Amino acid sequence: MSTDTKKEKATKFFPKPGQMALMPDISGNTINGLGETEKRRASPIYWHDPAMLAHGKVQKWFYTQNPDDPHIAKARTERQRYINAEVPPKSGEPVQRSAEDWTAALLTHASGLDLDLIGVAEIDPKWVFEGYEVRKKFVVMIGIAHDYDEISHLPSGRGGAEVVRQYARGTKVAKELAGWFRQQGHDATPHGGPLAGPMLLIPAALACGFGELGKHGSIINEKFGSSFRLACVFTDVPLVPTAAPSIGVDDFCANCQICSNACPPDAILPEKNWVRGEKRWYVDFDSCLPYFNENFGCGICIAVCPFSRPDIGPKLVEKLARRRARKNRV
Ligand code: SF4
Ligand code: SF4
């Protein structure tokens, strides 16, 4: 796609005036800390209680769009079942194991659950949103893969419903896993999206080895690309954090523009920027949000990323690994 096409496409999206009238005076990029070189915790910006957010009215507006779409309505009804499901209470004498044995038992148990990725990270207080607290030491991260054929229909009701379904699966699995800890006498708190919990999940998922941050602001995993969602369980049960090997995504993104060219409002910034004390890829919140809200949660950038394509992603990762090995030999 040429740069001209990109410009032409970017000028074609005009957000609905009704939505724009609800936008706050403050830029979402300011709330996110774009351009800030000092480290600080993230401020809640979206998917929290709308009453506490500058963008709360716009968040509520999102749910007024396409409420009767049959795909979305069915997926939301199913999701509500998992949101309503109880987690078993803590019971019995707390089982005592070493961190290594707990981690091995966790991974064995997880292999029988309906999840696609699992990892452990020790919680960094910097991941916790301003105004929130996490009084647990570890987070068990859960990755739930999309059906790529379904998300390739994004943005549409069919593609959006696939996102809802996989968030529902994440909620279900997080509750099952929290129940497993509780039935061994230990406290555990599940969290499933899309609503945000007390902590940013992407940094935790990066730390536990799910992948690397792509230019489109989502994680790229070696098997699923960006075609997955996150859920988690907070616990104090002693665990061993999982490793986070590099798969070379960063270099690839530096020379790829597939997502930025495909993004209708041209929201994906071409260079890394300072964001709360870290130089990293960043998506312009103010540009992405109106399109996202009017188009079933968009997700075009995730669907077009070559790493997300089942037939291409794993081969690309292999190719990058071979390239790195050659470089290391020189
Ligand atoms: S979600 Fe859509 S609008 Fe937002 S960055 Fe991705 S492609 Fe662009
Ligand atoms: S489409 Fe290309 S630039 Fe965008 S995240 Fe994927 S690999 Fe990186």
# chains A, B, ... in the order shown; residues from 1 in each chain; ligands from 1

call {"tool": "residues_near_ligand", "arguments": {"ligand": "ligand 1", "cutoff": "8 Å", "atoms": "only C-alpha atoms and all ligand atoms", "output": "list in words"}}
result
His216, Gly217, Cys259, Ser260, Ala262, Cys263, Pro264, Pro265, Asp266, Ala267, Ile268, Val283, Asp284, Phe285, Ser287, Cys288, Leu289, Pro290, Tyr291, Phe292, Gly297, Cys298, Gly299, Ile300, Cys301 and Ile302 of chain A

call {"tool": "write_last_selection", "arguments": {"atoms": "C-alpha atoms", "output": "PDB file, in the first residue's frame"}}
result
ATOM      1  CA  HIS A 216       0.716  -1.661  16.932  1.00  0.00           C
ATOM      2  CA  GLY A 217       0.955  -1.584  20.740  1.00  0.00           C
ATOM      3  CA  CYS A 259      -0.261  -2.276  10.517  1.00  0.00           C
ATOM      4  CA  SER A 260       0.357   1.456  10.223  1.00  0.00           C
ATOM      5  CA  ALA A 262      -3.786  -0.546   7.318  1.00  0.00           C
ATOM      6  CA  CYS A 263      -4.906   1.603  10.260  1.00  0.00           C
ATOM      7  CA  PRO A 264      -7.809   3.724   8.961  1.00  0.00           C
ATOM      8  CA  PRO A 265      -7.243   6.733  11.257  1.00  0.00           C
ATOM      9  CA  ASP A 266      -3.454   6.509  10.890  1.00  0.00           C
ATOM     10  CA  ALA A 267      -3.003   6.094  14.645  1.00  0.00           C
ATOM     11  CA  ILE A 268       0.105   3.883  14.770  1.00  0.00           C
ATOM     12  CA  VAL A 283      -0.587   4.109  19.315  1.00  0.00           C
ATOM     13  CA  ASP A 284      -2.080   7.616  19.277  1.00  0.00           C
ATOM     14  CA  PHE A 285      -5.018   7.171  21.647  1.00  0.00           C
ATOM     15  CA  SER A 287      -6.808   8.933  16.779  1.00  0.00           C
ATOM     16  CA  CYS A 288      -7.470   5.252  17.485  1.00  0.00           C
ATOM     17  CA  LEU A 289     -10.354   5.621  19.924  1.00  0.00           C
ATOM     18  CA  PRO A 290     -13.036   7.214  17.688  1.00  0.00           C
ATOM     19  CA  TYR A 291     -12.474   4.602  14.979  1.00  0.00           C
ATOM     20  CA  PHE A 292     -12.307   1.785  17.523  1.00  0.00           C
ATOM     21  CA  GLY A 297     -13.507  -2.436  18.604  1.00  0.00           C
ATOM     22  CA  CYS A 298     -11.546  -2.347  15.319  1.00  0.00           C
ATOM     23  CA  GLY A 299      -8.552  -4.718  15.736  1.00  0.00           C
ATOM     24  CA  ILE A 300      -7.447  -4.331  12.095  1.00  0.00           C
ATOM     25  CA  CYS A 301      -3.842  -3.882  13.237  1.00  0.00           C
ATOM     26  CA  ILE A 302      -3.928  -7.210  15.079  1.00  0.00           C
TER      27      ILE A 302
END

call {"tool": "residues_near_ligand", "arguments": {"ligand": "ligand 2", "cutoff": "9 Å", "atoms": "only C-alpha atoms and all ligand atoms", "output": "MDAnalysis selection string"}}
result
chainID A and resid 213:220 225:226 249:262 268 270 301:308

call {"tool": "residues_around", "arguments": {"residues": "range 155-162 of chain A", "least_positions_apart": "4", "cutoff": "6 Å", "atoms": "only C-alpha atoms", "output": "VMD selection string"}}
result
chain A and resid 71 to 72 75 150 to 151 295 to 296 298

call {"tool": "write_last_selection", "arguments": {"atoms": "N, CA and C atoms", "output": "mmCIF file, in the first residue's frame"}}
result
data_model
loop_
_atom_site.group_PDB
_atom_site.id
_atom_site.type_symbol
_atom_site.label_atom_id
_atom_site.label_comp_id
_atom_site.auth_asym_id
_atom_site.auth_seq_id
_atom_site.Cartn_x
_atom_site.Cartn_y
_atom_site.Cartn_z
ATOM 1 N N HIS A 71 -24.286 -11.286 16.233
ATOM 2 C CA HIS A 71 -23.043 -11.951 16.669
ATOM 3 C C HIS A 71 -22.612 -11.414 18.034
ATOM 4 N N ILE A 72 -22.612 -10.076 18.132
ATOM 5 C CA ILE A 72 -22.144 -9.430 19.369
ATOM 6 C C ILE A 72 -23.103 -9.775 20.515
ATOM 7 N N ALA A 75 -22.595 -13.312 21.754
ATOM 8 C CA ALA A 75 -21.316 -13.489 22.469
ATOM 9 C C ALA A 75 -21.365 -12.805 23.834
ATOM 10 N N GLU A 150 -11.870 -16.037 12.267
ATOM 11 C CA GLU A 150 -12.920 -15.148 12.782
ATOM 12 C C GLU A 150 -12.407 -13.717 12.912
ATOM 13 N N ILE A 151 -11.203 -13.538 13.482
ATOM 14 C CA ILE A 151 -10.769 -12.134 13.644
ATOM 15 C C ILE A 151 -10.348 -11.504 12.322
ATOM 16 N N ASN A 295 -16.346 1.078 15.194
ATOM 17 C CA ASN A 295 -16.123 -0.075 14.318
ATOM 18 C C ASN A 295 -15.861 -1.365 15.091
ATOM 19 N N PHE A 296 -16.775 -1.696 15.992
ATOM 20 C CA PHE A 296 -16.747 -2.996 16.680
ATOM 21 C C PHE A 296 -15.431 -3.261 17.412
ATOM 22 N N CYS A 298 -12.553 -2.308 16.393
ATOM 23 C CA CYS A 298 -11.546 -2.347 15.319
ATOM 24 C C CYS A 298 -10.686 -3.619 15.358
#

call {"tool": "closest_atom_pairs", "arguments": {"of": "range 179-211 of chain A", "to": "range 96-110 of chain A", "cutoff": "10 Å", "atoms": "only C-alpha atoms", "output": "Markdown table"}}
result
| residue | atom | partner | partner_atom | distance |
| --- | --- | --- | --- | --- |
| A:Trp180 | CA | A:His109 | CA | 8.6 |
| A:Phe181 | CA | A:Leu106 | CA | 8.9 |
| A:Gln184 | CA | A:Gln96 | CA | 9.0 |
| A:Gly185 | CA | A:Gln96 | CA | 9.4 |
| A:His186 | CA | A:Gln96 | CA | 9.7 |

call {"tool": "closest_atom_pairs", "arguments": {"of": "range 216-317 of chain A", "to": "range 118-141 of chain A", "cutoff": "9 Å", "atoms": "only C-alpha atoms", "output": "CSV"}}
result
residue,atom,partner,partner_atom,distance
A:Leu230,CA,A:Met141,CA,7.1
A:Ala231,CA,A:Met141,CA,6.2
A:Cys232,CA,A:Met141,CA,4.6
A:Val233,CA,A:Val140,CA,5.1
A:Phe234,CA,A:Val139,CA,4.6
A:Thr235,CA,A:Lys136,CA,5.3
A:Asp236,CA,A:Lys137,CA,5.1
A:Val237,CA,A:Phe138,CA,7.5
A:Pro238,CA,A:Phe138,CA,7.7
A:Leu239,CA,A:Phe138,CA,7.2
A:Val240,CA,A:Val120,CA,6.9
A:Pro241,CA,A:Val120,CA,4.7
A:Thr242,CA,A:Val120,CA,5.3
A:Ala243,CA,A:Gly119,CA,8.4

call {"tool": "write_last_selection", "arguments": {"atoms": "C-alpha atoms", "output": "tab-separated table (two decimals), in the first residue's frame"}}
result
chain	number	residue	atom	x	y	z
A	230	LEU	CA	-5.07	-11.75	28.27
A	231	ALA	CA	-6.48	-12.73	31.63
A	232	CYS	CA	-4.72	-13.35	34.95
A	233	VAL	CA	-4.78	-14.55	38.54
A	234	PHE	CA	-3.15	-12.67	41.44
A	235	THR	CA	-1.75	-14.78	44.27
A	236	ASP	CA	0.83	-14.95	47.06
A	237	VAL	CA	1.50	-18.63	46.49
A	238	PRO	CA	5.29	-18.89	45.92
A	239	LEU	CA	6.04	-19.30	42.22
A	240	VAL	CA	9.03	-19.15	39.89
A	241	PRO	CA	8.73	-16.42	37.23
A	242	THR	CA	8.89	-17.75	33.67
A	243	ALA	CA	11.59	-16.62	31.25

call {"tool": "select_by_dssp", "arguments": {"residues": "range 76-156 of chain A", "states": "alpha helix (DSSP H)", "output": "list in words"}}
result
Arg76, Thr77, Glu78, Arg79, Gln80, Arg81, Tyr82, Ile83, Asn84, Ala99, Glu100, Asp101, Trp102, Thr103, Ala104, Ala105, Leu106, Leu107, Thr108, His109, Ala110, Tyr148, Asp149, Glu150 and Ile151 of chain A

call {"tool": "write_last_selection", "arguments": {"atoms": "C-alpha atoms", "output": "PDB file, in the first residue's frame"}}
result
ATOM      1  CA  ARG A  76     -22.080 -10.934  25.203  1.00  0.00           C
ATOM      2  CA  THR A  77     -24.876 -13.098  26.600  1.00  0.00           C
ATOM      3  CA  GLU A  78     -22.507 -16.082  26.778  1.00  0.00           C
ATOM      4  CA  ARG A  79     -19.780 -13.954  28.350  1.00  0.00           C
ATOM      5  CA  GLN A  80     -22.147 -12.794  31.074  1.00  0.00           C
ATOM      6  CA  ARG A  81     -22.468 -16.406  32.260  1.00  0.00           C
ATOM      7  CA  TYR A  82     -18.738 -16.513  32.991  1.00  0.00           C
ATOM      8  CA  ILE A  83     -18.743 -13.032  34.530  1.00  0.00           C
ATOM      9  CA  ASN A  84     -21.525 -14.179  36.892  1.00  0.00           C
ATOM     10  CA  ALA A  99       8.104 -22.343  44.560  1.00  0.00           C
ATOM     11  CA  GLU A 100       9.474 -24.892  42.065  1.00  0.00           C
ATOM     12  CA  ASP A 101       6.907 -27.522  43.044  1.00  0.00           C
ATOM     13  CA  TRP A 102       4.027 -25.015  42.994  1.00  0.00           C
ATOM     14  CA  THR A 103       5.075 -23.853  39.536  1.00  0.00           C
ATOM     15  CA  ALA A 104       5.332 -27.417  38.237  1.00  0.00           C
ATOM     16  CA  ALA A 105       1.908 -28.255  39.732  1.00  0.00           C
ATOM     17  CA  LEU A 106       0.425 -25.069  38.224  1.00  0.00           C
ATOM     18  CA  LEU A 107       1.754 -25.863  34.750  1.00  0.00           C
ATOM     19  CA  THR A 108       0.521 -29.456  34.965  1.00  0.00           C
ATOM     20  CA  HIS A 109      -2.928 -28.323  36.075  1.00  0.00           C
ATOM     21  CA  ALA A 110      -3.047 -25.588  33.418  1.00  0.00           C
ATOM     22  CA  TYR A 148      -7.756 -16.357  13.154  1.00  0.00           C
ATOM     23  CA  ASP A 149     -10.441 -16.940  10.529  1.00  0.00           C
ATOM     24  CA  GLU A 150     -12.920 -15.148  12.782  1.00  0.00           C
ATOM     25  CA  ILE A 151     -10.769 -12.134  13.644  1.00  0.00           C
TER      26      ILE A 151
END

call {"tool": "atom_distance", "arguments": {"atom1": "CA of Ala196 in chain A", "atom2": "CA of Arg280 in chain A"}}
result
21.3 Å

call {"tool": "select_by_dssp", "arguments": {"residues": "range 39-250 of chain A", "states": "strand (DSSP E or B)", "output": "PyMOL selection string"}}
result
chain A and resi 117-122+128+138-145+188-192+199+212-213+219-221+225+228-235

call {"tool": "closest_residue", "arguments": {"among": "A:Pro88, A:Gly313, A:Gly192, A:Asp286", "to": "Tyr46 in chain A", "atoms": "only C-alpha atoms"}}
result
A:Asp286

call {"tool": "closest_residue", "arguments": {"among": "A:Gln19, A:Gln166, A:Thr37, A:Thr30", "to": "Val58 in chain A", "atoms": "only C-alpha atoms"}}
result
A:Gln19
